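Source file: work-v4.txt; contents: compact mmCIF, C-alpha atoms.
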# COMPACT_ATOMS: atom_id res chain seq x y z
CA MET A 356 50.84 6.87 241.14
CA LYS A 357 50.35 10.60 241.31
CA LYS A 358 50.21 12.34 237.94
CA THR A 359 52.68 15.14 237.26
CA LYS A 360 51.01 18.34 236.18
CA LYS A 361 51.96 19.37 232.66
CA PRO A 362 53.32 22.90 232.01
CA GLY A 363 50.17 23.73 230.06
CA TYR A 364 48.11 23.12 233.22
CA TRP A 365 50.03 25.75 235.17
CA VAL A 366 50.04 28.21 232.27
CA LEU A 367 46.25 27.87 231.97
CA ASN A 368 45.73 28.37 235.71
CA VAL A 369 48.03 31.40 235.89
CA ALA A 370 46.29 32.92 232.86
CA SER A 371 42.87 32.26 234.46
CA VAL A 372 43.90 33.94 237.72
CA PHE A 373 45.33 36.90 235.82
CA LEU A 374 42.14 37.35 233.79
CA ALA A 375 40.00 37.01 236.93
CA ILE A 376 42.00 39.77 238.65
CA LEU A 377 41.83 41.88 235.49
CA PHE A 378 38.03 41.67 235.33
CA LEU A 379 37.37 41.87 239.07
CA GLY A 380 39.76 44.77 239.67
CA PRO A 381 37.44 47.56 238.43
CA ILE A 382 34.50 46.08 240.37
CA VAL A 383 36.48 45.94 243.63
CA TRP A 384 37.73 49.49 243.05
CA ALA A 385 34.19 50.79 242.34
CA LEU A 386 32.90 49.06 245.50
CA ALA A 387 35.69 50.59 247.60
CA VAL A 388 35.07 54.07 246.18
CA SER A 389 31.33 53.79 246.92
CA PHE A 390 32.16 53.61 250.65
CA GLN A 391 34.36 56.72 250.62
CA HIS A 392 33.39 60.21 251.73
CA GLU A 393 32.61 62.60 248.90
CA GLY A 394 35.37 65.13 248.32
CA LYS A 395 38.07 63.02 249.96
CA GLN A 396 41.57 64.09 248.95
CA ILE A 397 43.21 61.37 246.83
CA LYS A 398 47.00 61.36 246.48
CA SER A 399 47.45 57.76 245.25
CA VAL A 400 45.39 54.71 244.31
CA ILE A 401 45.83 53.32 247.84
CA ASN A 402 43.79 56.23 249.27
CA TRP A 403 40.66 54.85 247.59
CA PHE A 404 40.83 51.78 249.86
CA THR A 405 41.74 53.44 253.16
CA PRO A 406 39.31 54.59 255.90
CA PRO A 407 37.27 56.47 256.93
CA TYR A 408 34.32 54.72 255.27
CA THR A 409 30.64 55.60 255.08
CA LEU A 410 27.38 53.92 254.08
CA GLY A 411 25.65 57.26 253.53
CA ASN A 412 26.23 57.28 249.77
CA TYR A 413 23.78 54.44 249.14
CA PRO A 414 20.67 56.00 250.79
CA LYS A 415 21.50 59.24 248.96
CA ILE A 416 21.54 57.47 245.60
CA ILE A 417 18.50 55.29 246.27
CA PHE A 418 16.20 57.95 247.75
CA ASN A 419 17.47 61.25 246.32
CA SER A 420 18.18 60.48 242.68
CA GLN A 421 16.56 58.95 239.60
CA VAL A 422 18.68 55.81 239.70
CA PRO A 423 15.77 53.64 241.00
CA THR A 424 13.61 54.92 238.12
CA TRP A 425 16.32 54.09 235.58
CA LEU A 426 16.78 50.70 237.22
CA PHE A 427 13.05 49.99 236.92
CA ASN A 428 13.04 51.10 233.27
CA SER A 429 15.99 48.84 232.41
CA LEU A 430 14.43 45.88 234.20
CA ILE A 431 10.93 46.19 232.72
CA ILE A 432 12.26 46.81 229.20
CA ALA A 433 14.73 43.89 229.41
CA VAL A 434 12.09 41.47 230.73
CA ILE A 435 9.46 42.41 228.13
CA CYS A 436 12.02 42.32 225.30
CA THR A 437 13.22 38.89 226.43
CA VAL A 438 9.73 37.40 226.65
CA LEU A 439 8.61 38.80 223.28
CA THR A 440 11.89 37.85 221.59
CA VAL A 441 11.71 34.25 222.79
CA ILE A 442 8.05 33.81 221.79
CA ILE A 443 8.29 35.46 218.36
CA SER A 444 11.71 34.01 217.47
CA ALA A 445 10.70 30.50 218.53
CA MET A 446 7.49 30.53 216.50
CA ALA A 447 9.22 31.95 213.41
CA ALA A 448 12.10 29.50 213.75
CA TYR A 449 9.73 26.53 214.06
CA ALA A 450 7.85 27.59 210.94
CA ILE A 451 11.05 27.93 208.91
CA ALA A 452 12.69 24.76 210.25
CA LYS A 453 9.78 22.31 210.35
CA MET A 454 6.93 23.62 208.19
CA ASN A 455 7.74 23.16 204.52
CA PHE A 456 6.06 26.17 202.95
CA LYS A 457 6.98 27.87 199.69
CA GLY A 458 9.77 30.42 200.16
CA SER A 459 10.93 29.18 203.57
CA LYS A 460 14.57 28.84 202.42
CA LEU A 461 14.45 32.26 200.79
CA LEU A 462 13.05 33.75 203.99
CA PHE A 463 15.81 32.13 206.04
CA THR A 464 18.41 33.55 203.63
CA TYR A 465 16.82 36.98 204.07
CA PHE A 466 17.36 36.79 207.82
CA LEU A 467 20.95 35.61 207.30
CA ILE A 468 21.63 38.61 205.08
CA GLY A 469 20.25 40.81 207.87
CA LEU A 470 23.20 39.76 210.05
CA MET A 471 25.58 41.46 207.62
CA VAL A 472 23.99 44.87 208.17
CA PRO A 473 25.51 46.74 211.16
CA GLY A 474 22.94 47.91 213.67
CA GLU A 475 24.29 51.46 213.47
CA ALA A 476 23.43 51.58 209.74
CA THR A 477 19.73 51.10 210.55
CA ILE A 478 19.52 53.77 213.26
CA VAL A 479 18.41 56.66 211.01
CA PRO A 480 15.60 54.79 209.16
CA LEU A 481 14.59 53.17 212.46
CA PHE A 482 14.34 56.56 214.17
CA ILE A 483 12.30 57.98 211.28
CA THR A 484 9.94 54.99 211.34
CA VAL A 485 9.43 55.07 215.10
CA ASN A 486 8.98 58.85 215.02
CA ASN A 487 6.31 58.56 212.29
CA MET A 488 4.49 56.07 214.52
CA ASN A 489 4.62 58.58 217.42
CA LEU A 490 6.51 56.09 219.58
CA ILE A 491 9.54 58.25 220.42
CA ASP A 492 9.92 58.72 224.19
CA THR A 493 7.60 55.78 224.96
CA TYR A 494 8.13 52.29 226.36
CA ALA A 495 6.80 50.81 223.12
CA GLY A 496 9.40 52.73 221.12
CA LEU A 497 12.17 51.41 223.38
CA ILE A 498 10.93 47.80 223.31
CA LEU A 499 9.66 47.00 219.81
CA PRO A 500 12.87 47.58 217.80
CA SER A 501 14.78 45.32 220.18
CA ILE A 502 12.74 42.20 219.38
CA ALA A 503 13.41 42.26 215.63
CA GLY A 504 16.95 40.83 215.60
CA SER A 505 17.90 37.93 213.33
CA MET A 506 20.52 36.21 215.48
CA ASN A 507 18.20 34.62 218.06
CA MET A 508 15.88 33.26 215.39
CA ILE A 509 18.77 31.78 213.39
CA ILE A 510 20.10 30.05 216.52
CA MET A 511 16.68 28.50 217.07
CA VAL A 512 16.27 27.47 213.42
CA THR A 513 19.57 25.61 213.59
CA PHE A 514 18.50 23.83 216.77
CA PHE A 515 14.97 22.98 215.56
CA LYS A 516 16.35 21.43 212.37
CA GLY A 517 18.15 18.90 214.56
CA LEU A 518 14.92 17.66 216.16
CA PRO A 519 13.84 14.29 214.68
CA ASN A 520 11.10 14.63 212.06
CA GLU A 521 9.88 11.10 212.94
CA LEU A 522 8.79 12.31 216.38
CA LEU A 523 6.84 15.23 214.93
CA GLU A 524 5.24 13.01 212.27
CA ALA A 525 4.12 10.54 214.94
CA VAL A 526 2.32 13.34 216.78
CA ARG A 527 0.70 14.51 213.54
CA ILE A 528 -0.52 10.97 212.81
CA ASP A 529 -2.10 10.85 216.28
CA GLY A 530 -4.06 13.99 215.39
CA GLY A 531 -1.86 16.65 216.94
CA GLY A 532 -1.86 20.05 215.23
CA GLU A 533 1.03 22.44 214.78
CA LEU A 534 0.24 24.31 217.99
CA THR A 535 0.26 21.03 219.92
CA LEU A 536 3.58 20.11 218.34
CA PHE A 537 5.08 23.48 219.11
CA PHE A 538 3.97 23.93 222.72
CA LYS A 539 3.93 20.32 223.97
CA ILE A 540 6.78 18.72 222.00
CA VAL A 541 9.19 21.28 220.54
CA LEU A 542 9.42 23.78 223.40
CA PRO A 543 9.94 21.16 226.17
CA LEU A 544 12.77 19.66 224.09
CA SER A 545 14.34 23.09 223.59
CA LYS A 546 14.87 24.28 227.16
CA THR A 547 18.62 24.70 226.72
CA ILE A 548 18.41 26.77 223.55
CA LEU A 549 15.56 28.83 225.02
CA ALA A 550 17.76 29.58 228.04
CA THR A 551 20.55 30.65 225.69
CA VAL A 552 18.27 33.01 223.77
CA CYS A 553 16.90 34.40 227.05
CA ILE A 554 20.43 35.18 228.24
CA PHE A 555 21.48 36.83 224.98
CA SER A 556 18.27 38.84 224.74
CA PHE A 557 18.20 39.99 228.37
CA VAL A 558 21.87 40.99 228.50
CA GLY A 559 21.66 42.68 225.10
CA SER A 560 18.62 44.71 226.14
CA TRP A 561 20.08 45.54 229.57
CA ASN A 562 23.34 46.84 228.05
CA ASN A 563 21.76 48.58 225.05
CA TYR A 564 22.92 52.17 224.90
CA LEU A 565 22.58 53.72 221.44
CA TRP A 566 18.86 53.22 220.76
CA PRO A 567 17.63 54.23 224.27
CA LEU A 568 19.88 57.31 224.01
CA LEU A 569 18.08 58.37 220.82
CA CYS A 570 14.56 57.24 221.71
CA ALA A 571 14.24 58.35 225.35
CA MET A 572 13.93 62.13 225.42
CA SER A 573 12.85 62.57 229.05
CA SER A 574 14.95 61.47 232.02
CA GLU A 575 11.95 59.52 233.40
CA LEU A 576 12.39 57.01 230.53
CA PHE A 577 16.19 56.73 230.69
CA THR A 578 17.67 53.27 231.15
CA LEU A 579 20.75 52.70 233.30
CA PRO A 580 23.34 52.82 230.46
CA VAL A 581 21.92 56.21 229.44
CA GLY A 582 21.15 57.56 232.89
CA ILE A 583 24.37 56.79 234.77
CA PRO A 584 26.65 58.94 232.54
CA THR A 585 24.09 61.77 232.69
CA PHE A 586 23.98 61.42 236.46
CA ALA A 587 27.78 61.67 236.69
CA GLY A 588 27.91 64.76 234.50
CA THR A 589 24.99 66.55 236.14
CA TYR A 590 25.49 66.18 239.85
CA THR A 591 29.19 65.88 240.54
CA VAL A 592 32.67 65.60 239.08
CA ASP A 593 33.73 63.33 241.95
CA TYR A 594 33.95 59.56 241.53
CA VAL A 595 32.01 58.66 244.66
CA GLN A 596 28.38 59.21 243.67
CA PRO A 597 28.70 57.96 240.05
CA LEU A 598 30.38 54.73 241.19
CA THR A 599 27.88 54.29 244.02
CA ALA A 600 25.13 54.60 241.41
CA SER A 601 26.95 52.04 239.26
CA MET A 602 27.10 49.58 242.15
CA VAL A 603 23.38 50.02 242.87
CA ALA A 604 22.69 49.46 239.17
CA SER A 605 24.86 46.32 239.10
CA LEU A 606 23.21 44.69 242.10
CA PRO A 607 20.18 43.16 240.25
CA MET A 608 22.42 41.53 237.62
CA ILE A 609 24.71 40.12 240.32
CA ILE A 610 21.71 38.64 242.17
CA ILE A 611 20.29 37.18 238.94
CA TYR A 612 23.65 35.60 238.11
CA ILE A 613 24.00 34.07 241.59
CA ILE A 614 20.49 32.58 241.43
CA PHE A 615 20.64 31.32 237.82
CA GLU A 616 24.37 30.54 237.56
CA LYS A 617 23.88 26.91 236.45
CA GLN A 618 21.28 27.83 233.82
CA ILE A 619 23.45 30.67 232.47
CA VAL A 620 26.55 28.48 232.16
CA ALA A 621 24.52 25.67 230.57
CA GLY A 622 22.97 28.09 228.11
CA ILE A 623 26.25 29.68 227.09
CA THR A 624 28.01 26.32 226.68
CA SER A 625 25.09 24.61 224.94
CA GLY A 626 26.82 24.82 221.58
CA ALA A 627 30.24 23.75 222.81
CA VAL A 628 31.94 20.77 221.23
CA LYS A 629 32.13 17.82 223.57
CA GLY A 630 35.13 15.56 223.44

Take the structure in the file and give it back as structure tokens.
Amino acid sequence: MKKTKKPGYWVLNVASVFLAILFLGPIVWALAVSFQHEGKQIKSVINWFTPPYTLGNYPKIIFNSQVPTWLFNSLIIAVICTVLTVIISAMAAYAIAKMNFKGSKLLFTYFLIGLMVPGEATIVPLFITVNNMNLIDTYAGLILPSIAGSMNMIIMVTFFKGLPNELLEAVRIDGGGELTLFFKIVLPLSKTILATVCIFSFVGSWNNYLWPLLCAMSSELFTLPVGIPTFAGTYTVDYVQPLTASMVASLPMIIIYIIFEKQIVAGITSGAVKG
């Protein structure tokens, strides 16, 4: 016998379609505008989607602007930040969760307290510190402050505490050291949480605006969130070139999502409650 769909089912589906349209609308509009001729007279929203179209905006952005440089900066900074964050956070989390040393609980509490401090409140002392180290307007200055967050480490500590101590003790009895435990036992069992931290770290670094705006003084070190608004204000007041630049900037993230869709969804839902 065929089941009758409950009203909640239809409400959920209608809401999902509405939200999908709401989020996809700006992307579709930006894509349509990127194929328009610069200086086209616009009388209504419909004119953004009507011909004539052109592909000439993309070569202009790719070869005659600094967008590729900003794209490279964003990519290299995000990748390095992600790798360093995962390595440092995982090692610190393992030490706090599984190595009973004096002050480990106090140290964990210290990191928890760090979550209560807004990032904006640390900008001035951070800038002074980085400036005193002569790292302003350098890749090191853009990267190092981004790997010091507490959230990723706390997520890992919570996960590592759930790993069975009996397994780790068995390896220790067989003569395995802490490095063996960490690299050959703990990390292979933590692929899901590592994927989650990678996603959070990469997206956070890719979208970071405030610190790169303050640290990068020369346009050659701008990242995309900093460079695209500057590009729009410097070259044109029209929508065409800024939105074409935005579409070029979005392409790597779209490709990454298509390739790693399953891993991203699994990482984001790793903490979901299963019923």

Option closest in space to A:Val434, from A:Val541, A:Ile502, A:Leu386, A:Ala600 [counting all atoms listed in the file]: A:Ile502

Near-A:Val558 list (9 Å; only C-alpha atoms; drop same-chain fewer than 5 positions) as number ranges by chain: A: 433, 553, 563

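Straight-line separation from atom CA of A:Gly394 to atom CA of A:Phe427: 29.3 Å.
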
Of the listed residues A:Trp425, A:Phe514, A:Phe418, A:Tyr494, that which approaches A:Thr585 most closely, counting only C-alpha atoms: A:Trp425

Residue nearest A:Phe577 among A:Ala370, A:Ala503, A:Leu497, A:Val485 (counting all atoms listed in the file):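 When distances to A:Phe577 are compared using all atoms listed in the file, the smallest one comes from A:Leu497.
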
Minimum-distance residue to A:Met508, chosen among A:Asn419, A:Ser444, A:Asn455, A:Asn412 (using only C-alpha atoms):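 With only C-alpha atoms as the atom set, the closest residue is A:Ser444.
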
Can you rebuild stretch 423-442 of chain A with N, CA and C atoms and give it as a short mmCIF file (atom, residue, chain, number, x, y, z; two decimals), keeping the file's coordinate frame?
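As written to disk, out.cif reads:
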data_model
loop_
_atom_site.label_atom_id
_atom_site.label_comp_id
_atom_site.auth_asym_id
_atom_site.auth_seq_id
_atom_site.Cartn_x
_atom_site.Cartn_y
_atom_site.Cartn_z
N PRO A 423 16.80 54.69 240.92
CA PRO A 423 15.77 53.64 241.00
C PRO A 423 14.81 53.64 239.80
N THR A 424 14.48 54.84 239.30
CA THR A 424 13.61 54.92 238.12
C THR A 424 14.29 54.32 236.91
N TRP A 425 15.57 54.65 236.71
CA TRP A 425 16.32 54.09 235.58
C TRP A 425 16.48 52.59 235.73
N LEU A 426 16.66 52.13 236.96
CA LEU A 426 16.78 50.70 237.22
C LEU A 426 15.48 49.98 236.86
N PHE A 427 14.35 50.57 237.25
CA PHE A 427 13.05 49.99 236.92
C PHE A 427 12.84 49.96 235.41
N ASN A 428 13.19 51.05 234.73
CA ASN A 428 13.04 51.10 233.27
C ASN A 428 13.87 50.01 232.60
N SER A 429 15.13 49.87 233.00
CA SER A 429 15.99 48.84 232.41
C SER A 429 15.43 47.44 232.64
N LEU A 430 14.94 47.21 233.86
CA LEU A 430 14.43 45.88 234.20
C LEU A 430 13.17 45.54 233.43
N ILE A 431 12.21 46.47 233.39
CA ILE A 431 10.93 46.19 232.72
C ILE A 431 11.13 46.05 231.22
N ILE A 432 12.00 46.88 230.64
CA ILE A 432 12.26 46.81 229.20
C ILE A 432 12.98 45.50 228.87
N ALA A 433 13.98 45.12 229.67
CA ALA A 433 14.73 43.89 229.41
C ALA A 433 13.84 42.66 229.53
N VAL A 434 12.98 42.64 230.54
CA VAL A 434 12.09 41.47 230.73
C VAL A 434 11.10 41.34 229.59
N ILE A 435 10.45 42.45 229.22
CA ILE A 435 9.46 42.41 228.13
C ILE A 435 10.13 42.05 226.82
N CYS A 436 11.29 42.64 226.53
CA CYS A 436 12.02 42.32 225.30
C CYS A 436 12.39 40.84 225.25
N THR A 437 12.83 40.30 226.39
CA THR A 437 13.22 38.89 226.43
C THR A 437 12.04 37.98 226.17
N VAL A 438 10.92 38.25 226.82
CA VAL A 438 9.73 37.40 226.65
C VAL A 438 9.23 37.45 225.21
N LEU A 439 9.11 38.66 224.66
CA LEU A 439 8.61 38.80 223.28
C LEU A 439 9.59 38.20 222.27
N THR A 440 10.88 38.39 222.50
CA THR A 440 11.89 37.85 221.59
C THR A 440 11.84 36.33 221.56
N VAL A 441 11.75 35.72 222.73
CA VAL A 441 11.71 34.25 222.79
C VAL A 441 10.47 33.71 222.10
N ILE A 442 9.31 34.31 222.38
CA ILE A 442 8.05 33.81 221.79
C ILE A 442 8.05 33.98 220.27
#
